[in-house]
Protein chains: 4
Amino acid sequence: MSTRSAGFPRGSEEFSRVLAFSDGLFAIAMTLLVVGIGTPMLRDGNDATELLEAYGDLHSEIISFFISFAVIGRYWVAHHQFFRNLRAMDYRLVWLNLLYLAFIAFLPFPTGVLGSYFENPISVASYGVAVAVVSGLEVVLFRHAYRAGLLVREMSEPVYRYGRGASVLPVAFMLLSVPVAFLNTIAAVVCWFLAVPIQVVLDRYRPAGAEDWF
Amino acid sequence: MSTRSAGFPRGSEEFSRVLAFSDGLFAIAMTLLVVGIGTPMLRDGNDATELLEAYGDLHSEIISFFISFAVIGRYWVAHHQFFRNLRAMDYRLVWLNLLYLAFIAFLPFPTGVLGSYFENPISVASYGVAVAVVSGLEVVLFRHAYRAGLLVREMSEPVYRYGRGASVLPVAFMLLSVPVAFLNTIAAVVCWFLAVPIQVVLDRYRPAGAEDWF
Amino acid sequence: MSTRSAGFPRGSEEFSRVLAFSDGLFAIAMTLLVVGIGTPMLRDGNDATELLEAYGDLHSEIISFFISFAVIGRYWVAHHQFFRNLRAMDYRLVWLNLLYLAFIAFLPFPTGVLGSYFENPISVASYGVAVAVVSGLEVVLFRHAYRAGLLVREMSEPVYRYGRGASVLPVAFMLLSVPVAFLNTIAAVVCWFLAVPIQVVLDRYRPAGAEDWF
Amino acid sequence: MSTRSAGFPRGSEEFSRVLAFSDGLFAIAMTLLVVGIGTPMLRDGNDATELLEAYGDLHSEIISFFISFAVIGRYWVAHHQFFRNLRAMDYRLVWLNLLYLAFIAFLPFPTGVLGSYFENPISVASYGVAVAVVSGLEVVLFRHAYRAGLLVREMSEPVYRYGRGASVLPVAFMLLSVPVAFLNTIAAVVCWFLAVPIQVVLDRYRPAGAEDWF
């Protein structure tokens with residue numbers, strides 16, 4: 001059997017590297033945005049009112065920084081929770097993870113546009129698509145890990161189907177928000193958060209053993 | 001018992017990841033600021049006097065870089081010392097750590113403003129608030145670790161109360177500096193450093209066993 | 001025997017550091033480019049058509065980001081696969097790895113030029129040279145590891161020669177693309193991908209034992 | 001004995017963190033400079049001659065990137081070699097390491113100035129001072145590790161004095177280059193490299209046991 005196709009187990013230097021690389025990329029994507037805020041230029045440096053007004057002008061950049069940090073941070077926690085369930089990785093998973101990270105690294109762009117043009121349907125729609133792609137790639141990673149036997153222990157078919165469904169849910173609501181954005185941008189944003197209460201309802205029907213995984 | 005709620009122990013890949021991610025974020029926040037200095041443009045590239053004057057114009061950016069590095073570096077050491085006392089983490093701690101890191105990543109912005117407008121009460125006040133939030137979140141992290149039983153060994157109630165008090169102290173002085181800044185910015189800066197001598201006095205009254213923790 | 005010349009084995013803190021440093025550098029080089037995209041400036045922030053047009057103007061920056069991410073990501077996977085085969089490192093390997101990483105860190109520059117001027121022979125040629133240097137340094141790293149006995153187990157001479165040949169192949173096609181670019185830029189880009197089908201043919205003739213390594 | 005003052009041994013999560021943080025900071029400082037090169041703006045995007053000329057205009061930025069990468073890379077290797085000799089760290093070493101890293105993170109600034117104004121005595125002198133500070137802090141780190149008993153095994157007094165002398169040598173030549181720069185900038189640059197042949201001569205007189213450390 002080839003060394004390559006055999007993959008590499010939890011505890012190996014190779015397993016740790018994939019996580020270290022992912023963590024570095026997440027940390028950079030989350031920190032870079034502060035550069036976008038920039039120190040305001042004042043006519044009179046000692047004028048408190050002028051600096052307060054300059055802060056007012058920067059409020060959308062500041063809010064955009066914290067929103068972006070929260071969104072990418074939420075995906076980092078999901079990444080942390082997903083890789084916790086793996087006993088090994090193979091190079092297909094490494095490539096899928098890279099594809100996933102490409103969209104994580106890209107996320108600051110649509111978030112920045114959303115921060116600047118919150119009521120523009122295109123900025124709301126493009127943000128919805130970008131987040132849907134990231135969530136969709138989470139499903140692809142999970143599916144591959146299940147099929148290639150990379151999970152730490154046997155996962156029952158109902159638990160797998162439940163987990164996949166729970167991951168597909170945000171993708172569906174994010175894509176639904178795209179046409180809605182052209183009718184009403186506020187309604188589109190409501191769409192993004194609709195997945196949360198439905199998740200709570202879904203949690204009541206989760207199959208036996210699901211609580212060990214998610 | 002759910003895998004999720006059980007958390008993950010010191011020595012696991014998951015424990016290391018949270019620290020690696022935090023270290024990456026600290027390192028980026030501390031290094032990014034050098035970009036803000038930028039190479040000066042000279043009319044005559046070989047003129048020593050002109051370059052010396054250009055350095056003079058950049059002195060506030062250079063000082064601001066070293067101040068920011070020192071401030072974030074001090075929090076990194078505190079983060080290093082805090083996580084040293086943990087035997088495990090849970091996902092609530094991971095989320096609180098993310099919230100803490102959001103303000104660490106944000107810190108270069110108020111520091112940059114302070115570096116440019118050192119005598120403006122708003123820049124002094126906003127810096128004081130930002131640092132107070134970071135110090136306040138340190139208290140929240142400590143409180144959760146104590147209550148959720150994540151510390152490496154039993155901590156006595158007096159030692160906990162002493163540690164929490166010592167962490168709240170800088171928050172109090174930072175917030176106190178906000179109204180003071182509108183009277184006198186120098187007095188506000190003095191406020192920031194008042195916590196240091198008081199800490200020294202407080203150290204004499206620390207309860208038995210406190211020296212094993214802080 | 002000197003500690004220095006003896007190198008450091010897999011599993012040591014020193015072995016991990018070289019990989020952590022490399023991973024950090026790769027992650028930054030891959031994430032930095034998103035800064036280059038930048039939020040577009042709109043006259044009417046709520047105008048969907050205007051934002052759609054602004055996205056159109058940014059399409060080459062967006063494509064350039066994903067190309068650059070894919071190219072550097074492919075080298076990261078190759079780096080991961082190469083270091084997997086090492087039982088130890090010495091400081092000569094550390095220096096060669098630094099030289100290799102210098103060109104990885106440089107890659108965003110020719111990629112950015114290519115993204116902006118896709119039909120300019122100079123941008124196609126300079127990108128070809130930059131990638132040829134990176135691939136060439138992969139060969140140098142592999143050659144040193146083989147000769148200095150740093151591989152995890154004995155590699156047979158035919159397997160070594162096969163591996164070296166497979167690594168030289170992309171260098172040859174990248175350099176071939178340089179003169180071709182001045183005749184036809186599309187033909188030069190075709191050159192870059194010619195290594196792939198030839199690799200597939202070559203794979204059929206690989207010597208016994210090669211599948212354990214590559 | 002206090003947990004704090006006892007420090008933390010090689011192999012602990014805390015020991016690894018200091019190295020991971022340092023590696024991240026080095027990697028960022030070395031990669032950030034590529035941002036400074038920037039894609040040139042052409043009037044005719046398909047004009048090969050114009051792009052070639054634009055590359056010519058960027059040659060000092062490109063050279064500056066590689067010089068900076070080499071300089072900081074050389075310090076990273078020295079950092080790697082120094083920490084290899086430690087059996088433990090204490091918080092004084094952590095603080096000294098932070099001070100050292102502050103100047104590593106600052107180094108891109110004087111390097112950028114040097115790249116732009118190579119014949120200006122002030123840019124040559126300021127670069128000499130910055131590098132002298134970094135090398136001087138290396139001596140301080142080494143001195144503390146020796147005195148606080150943090151080395152992996154007993155180091156003889158002659159070996160310590162030899163090692164300290166070898167580290168002070170580049171500081172001396174860097175500081176010597178400062179006055180020389182005002183007479184002749186080329187002579188000042190020659191000064192920087194004078195430490196290399198003298199090091200070779202010094203190596204012949206190194207005391208018994210020195211080869212196990214340096």
# chains A, B, ... in the order shown; residues from 1 in each chain; ligands from 1

$ residues_around --residues "Val134 of chain A" --least-positions-apart "6" --cutoff "12 Å" --atoms "only C-alpha atoms" --output "PyMOL selection string"
chain A and resi 71-72+74-76+78-79+96-107+127-128+140-141+167-168+170-171+174-175

$ closest_atom_pairs --of "chain B" --to "chain C" --cutoff "10 Å" --atoms "only C-alpha atoms" --output "CSV"
residue,atom,partner,partner_atom,distance
B:Ala20,CA,C:Ala20,CA,9.8
B:Gly24,CA,C:Gly24,CA,8.3
B:Ile28,CA,C:Ile28,CA,9.6

$ residues_around --residues "Val152 of chain C" --least-positions-apart "6" --cutoff "7 Å" --atoms "only C-alpha atoms" --output "PyMOL selection string"
chain C and resi 85-87

$ select_by_dssp --residues "segment 68-186 of chain D" --states "alpha helix (DSSP H)" --output "ChimeraX atom specification"
/D:68-83,91-106,108-116,121-147,157-183,185-186

$ write_last_selection --atoms "C-alpha atoms" --output "JSON list (two decimals), in the first residue's frame"
[["chain", "number", "residue", "atom", "x", "y", "z"],
["D", 68, "SER", "CA", 15.31, 42.02, 3.97],
["D", 69, "PHE", "CA", 14.26, 38.39, 3.66],
["D", 70, "ALA", "CA", 17.91, 37.27, 3.90],
["D", 71, "VAL", "CA", 18.71, 39.51, 6.88],
["D", 72, "ILE", "CA", 15.64, 38.53, 8.95],
["D", 73, "GLY", "CA", 16.04, 34.89, 7.80],
["D", 74, "ARG", "CA", 19.62, 34.85, 9.14],
["D", 75, "TYR", "CA", 18.30, 36.05, 12.53],
["D", 76, "TRP", "CA", 15.60, 33.39, 12.47],
["D", 77, "VAL", "CA", 18.26, 30.68, 12.03],
["D", 78, "ALA", "CA", 20.25, 32.20, 14.93],
["D", 79, "HIS", "CA", 17.04, 32.24, 17.05],
["D", 80, "HIS", "CA", 16.43, 28.59, 16.13],
["D", 81, "GLN", "CA", 20.01, 27.67, 17.10],
["D", 82, "PHE", "CA", 19.88, 29.60, 20.38],
["D", 83, "PHE", "CA", 16.62, 28.14, 21.70],
["D", 91, "TYR", "CA", 9.41, 34.90, 32.18],
["D", 92, "ARG", "CA", 12.45, 37.18, 32.15],
["D", 93, "LEU", "CA", 13.61, 35.34, 29.01],
["D", 94, "VAL", "CA", 10.08, 35.71, 27.57],
["D", 95, "TRP", "CA", 10.24, 39.49, 28.07],
["D", 96, "LEU", "CA", 13.76, 39.76, 26.63],
["D", 97, "ASN", "CA", 12.60, 37.68, 23.64],
["D", 98, "LEU", "CA", 9.67, 40.12, 23.15],
["D", 99, "LEU", "CA", 12.07, 43.09, 23.17],
["D", 100, "TYR", "CA", 14.24, 41.26, 20.61],
["D", 101, "LEU", "CA", 11.18, 40.53, 18.44],
["D", 102, "ALA", "CA", 10.10, 44.20, 18.57],
["D", 103, "PHE", "CA", 13.28, 45.10, 16.68],
["D", 104, "ILE", "CA", 12.87, 42.14, 14.29],
["D", 105, "ALA", "CA", 9.36, 43.43, 13.48],
["D", 106, "PHE", "CA", 10.81, 46.95, 13.06],
["D", 108, "PRO", "CA", 11.58, 46.08, 7.48],
["D", 109, "PHE", "CA", 11.45, 49.88, 7.97],
["D", 110, "PRO", "CA", 15.23, 50.65, 7.91],
["D", 111, "THR", "CA", 15.68, 47.94, 5.25],
["D", 112, "GLY", "CA", 13.09, 49.66, 3.06],
["D", 113, "VAL", "CA", 14.83, 53.02, 3.52],
["D", 114, "LEU", "CA", 18.18, 51.40, 2.66],
["D", 115, "GLY", "CA", 16.66, 49.84, -0.47],
["D", 116, "SER", "CA", 15.44, 53.25, -1.65],
["D", 121, "PRO", "CA", 24.78, 58.03, 4.87],
["D", 122, "ILE", "CA", 21.74, 58.32, 7.17],
["D", 123, "SER", "CA", 20.02, 55.28, 5.65],
["D", 124, "VAL", "CA", 23.24, 53.22, 5.89],
["D", 125, "ALA", "CA", 23.85, 54.41, 9.48],
["D", 126, "SER", "CA", 20.26, 53.81, 10.65],
["D", 127, "TYR", "CA", 20.30, 50.31, 9.18],
["D", 128, "GLY", "CA", 23.63, 49.65, 10.97],
["D", 129, "VAL", "CA", 22.16, 50.81, 14.30],
["D", 130, "ALA", "CA", 18.98, 48.68, 13.92],
["D", 131, "VAL", "CA", 20.98, 45.53, 13.15],
["D", 132, "ALA", "CA", 23.41, 46.30, 16.00],
["D", 133, "VAL", "CA", 20.45, 46.50, 18.44],
["D", 134, "VAL", "CA", 19.12, 43.10, 17.28],
["D", 135, "SER", "CA", 22.57, 41.50, 17.58],
["D", 136, "GLY", "CA", 23.09, 43.20, 20.95],
["D", 137, "LEU", "CA", 19.81, 41.75, 22.24],
["D", 138, "GLU", "CA", 21.02, 38.30, 21.11],
["D", 139, "VAL", "CA", 23.94, 38.79, 23.52],
["D", 140, "VAL", "CA", 21.53, 39.80, 26.32],
["D", 141, "LEU", "CA", 19.37, 36.69, 25.74],
["D", 142, "PHE", "CA", 22.45, 34.43, 25.76],
["D", 143, "ARG", "CA", 23.83, 36.07, 28.92],
["D", 144, "HIS", "CA", 20.52, 35.63, 30.78],
["D", 145, "ALA", "CA", 20.15, 31.98, 29.71],
["D", 146, "TYR", "CA", 23.69, 31.23, 30.92],
["D", 147, "ARG", "CA", 23.29, 32.98, 34.29],
["D", 157, "GLU", "CA", 33.29, 29.62, 31.54],
["D", 158, "PRO", "CA", 35.75, 29.77, 28.56],
["D", 159, "VAL", "CA", 33.07, 28.51, 26.15],
["D", 160, "TYR", "CA", 30.60, 31.12, 27.51],
["D", 161, "ARG", "CA", 33.14, 33.92, 27.12],
["D", 162, "TYR", "CA", 33.96, 32.73, 23.59],
["D", 163, "GLY", "CA", 30.27, 32.60, 22.63],
["D", 164, "ARG", "CA", 29.57, 36.04, 24.07],
["D", 165, "GLY", "CA", 32.58, 37.47, 22.24],
["D", 166, "ALA", "CA", 31.46, 35.93, 18.95],
["D", 167, "SER", "CA", 28.02, 37.57, 19.41],
["D", 168, "VAL", "CA", 29.44, 40.97, 20.37],
["D", 169, "LEU", "CA", 31.66, 41.04, 17.26],
["D", 170, "PRO", "CA", 28.87, 41.88, 14.74],
["D", 171, "VAL", "CA", 27.51, 44.55, 17.13],
["D", 172, "ALA", "CA", 30.94, 46.23, 17.18],
["D", 173, "PHE", "CA", 31.32, 46.25, 13.39],
["D", 174, "MET", "CA", 27.74, 47.45, 12.88],
["D", 175, "LEU", "CA", 28.32, 50.39, 15.26],
["D", 176, "LEU", "CA", 31.70, 51.09, 13.65],
["D", 177, "SER", "CA", 29.90, 51.43, 10.30],
["D", 178, "VAL", "CA", 27.86, 54.40, 11.61],
["D", 179, "PRO", "CA", 30.66, 57.02, 11.61],
["D", 180, "VAL", "CA", 32.21, 55.40, 8.51],
["D", 181, "ALA", "CA", 28.93, 55.90, 6.60],
["D", 182, "PHE", "CA", 29.40, 59.70, 6.76],
["D", 183, "LEU", "CA", 32.81, 59.36, 5.07],
["D", 185, "THR", "CA", 28.75, 54.53, 2.34],
["D", 186, "ILE", "CA", 30.50, 51.69, 0.43]]

$ atom_distance --atom1 "atom CA of Phe15 of chain B" --atom2 "atom CA of Leu19 of chain C"
19.1 Å

$ residues_around --residues "Glu14 of chain B" --least-positions-apart "2" --cutoff "9 Å" --atoms "only C-alpha atoms" --output "ChimeraX atom specification"
/A:80-81,83-84 /B:8-12,16-18,89

$ write_last_selection --atoms "C-alpha atoms" --output "PDB file, in the first residue's frame"
ATOM      1  CA  HIS A  80     -11.896  23.152  15.323  1.00  0.00           C
ATOM      2  CA  GLN A  81     -14.935  20.996  16.148  1.00  0.00           C
ATOM      3  CA  PHE A  83     -11.127  18.179  12.922  1.00  0.00           C
ATOM      4  CA  ARG A  84     -11.592  17.063  16.526  1.00  0.00           C
TER       5      ARG A  84
ATOM      6  CA  PHE B   8     -10.545  18.883  25.647  1.00  0.00           C
ATOM      7  CA  PRO B   9      -7.561  18.333  27.952  1.00  0.00           C
ATOM      8  CA  ARG B  10      -4.068  19.868  27.990  1.00  0.00           C
ATOM      9  CA  GLY B  11      -1.831  17.821  25.687  1.00  0.00           C
ATOM     10  CA  SER B  12      -4.537  17.258  23.035  1.00  0.00           C
ATOM     11  CA  SER B  16      -2.701  23.307  21.240  1.00  0.00           C
ATOM     12  CA  ARG B  17      -4.760  24.667  18.337  1.00  0.00           C
ATOM     13  CA  VAL B  18      -6.457  27.325  20.473  1.00  0.00           C
ATOM     14  CA  MET B  89     -10.659  23.996  27.833  1.00  0.00           C
TER      15      MET B  89
END

$ atom_distance --atom1 "atom CA of Ile62 of chain D" --atom2 "atom CA of Val35 of chain D"
10.8 Å
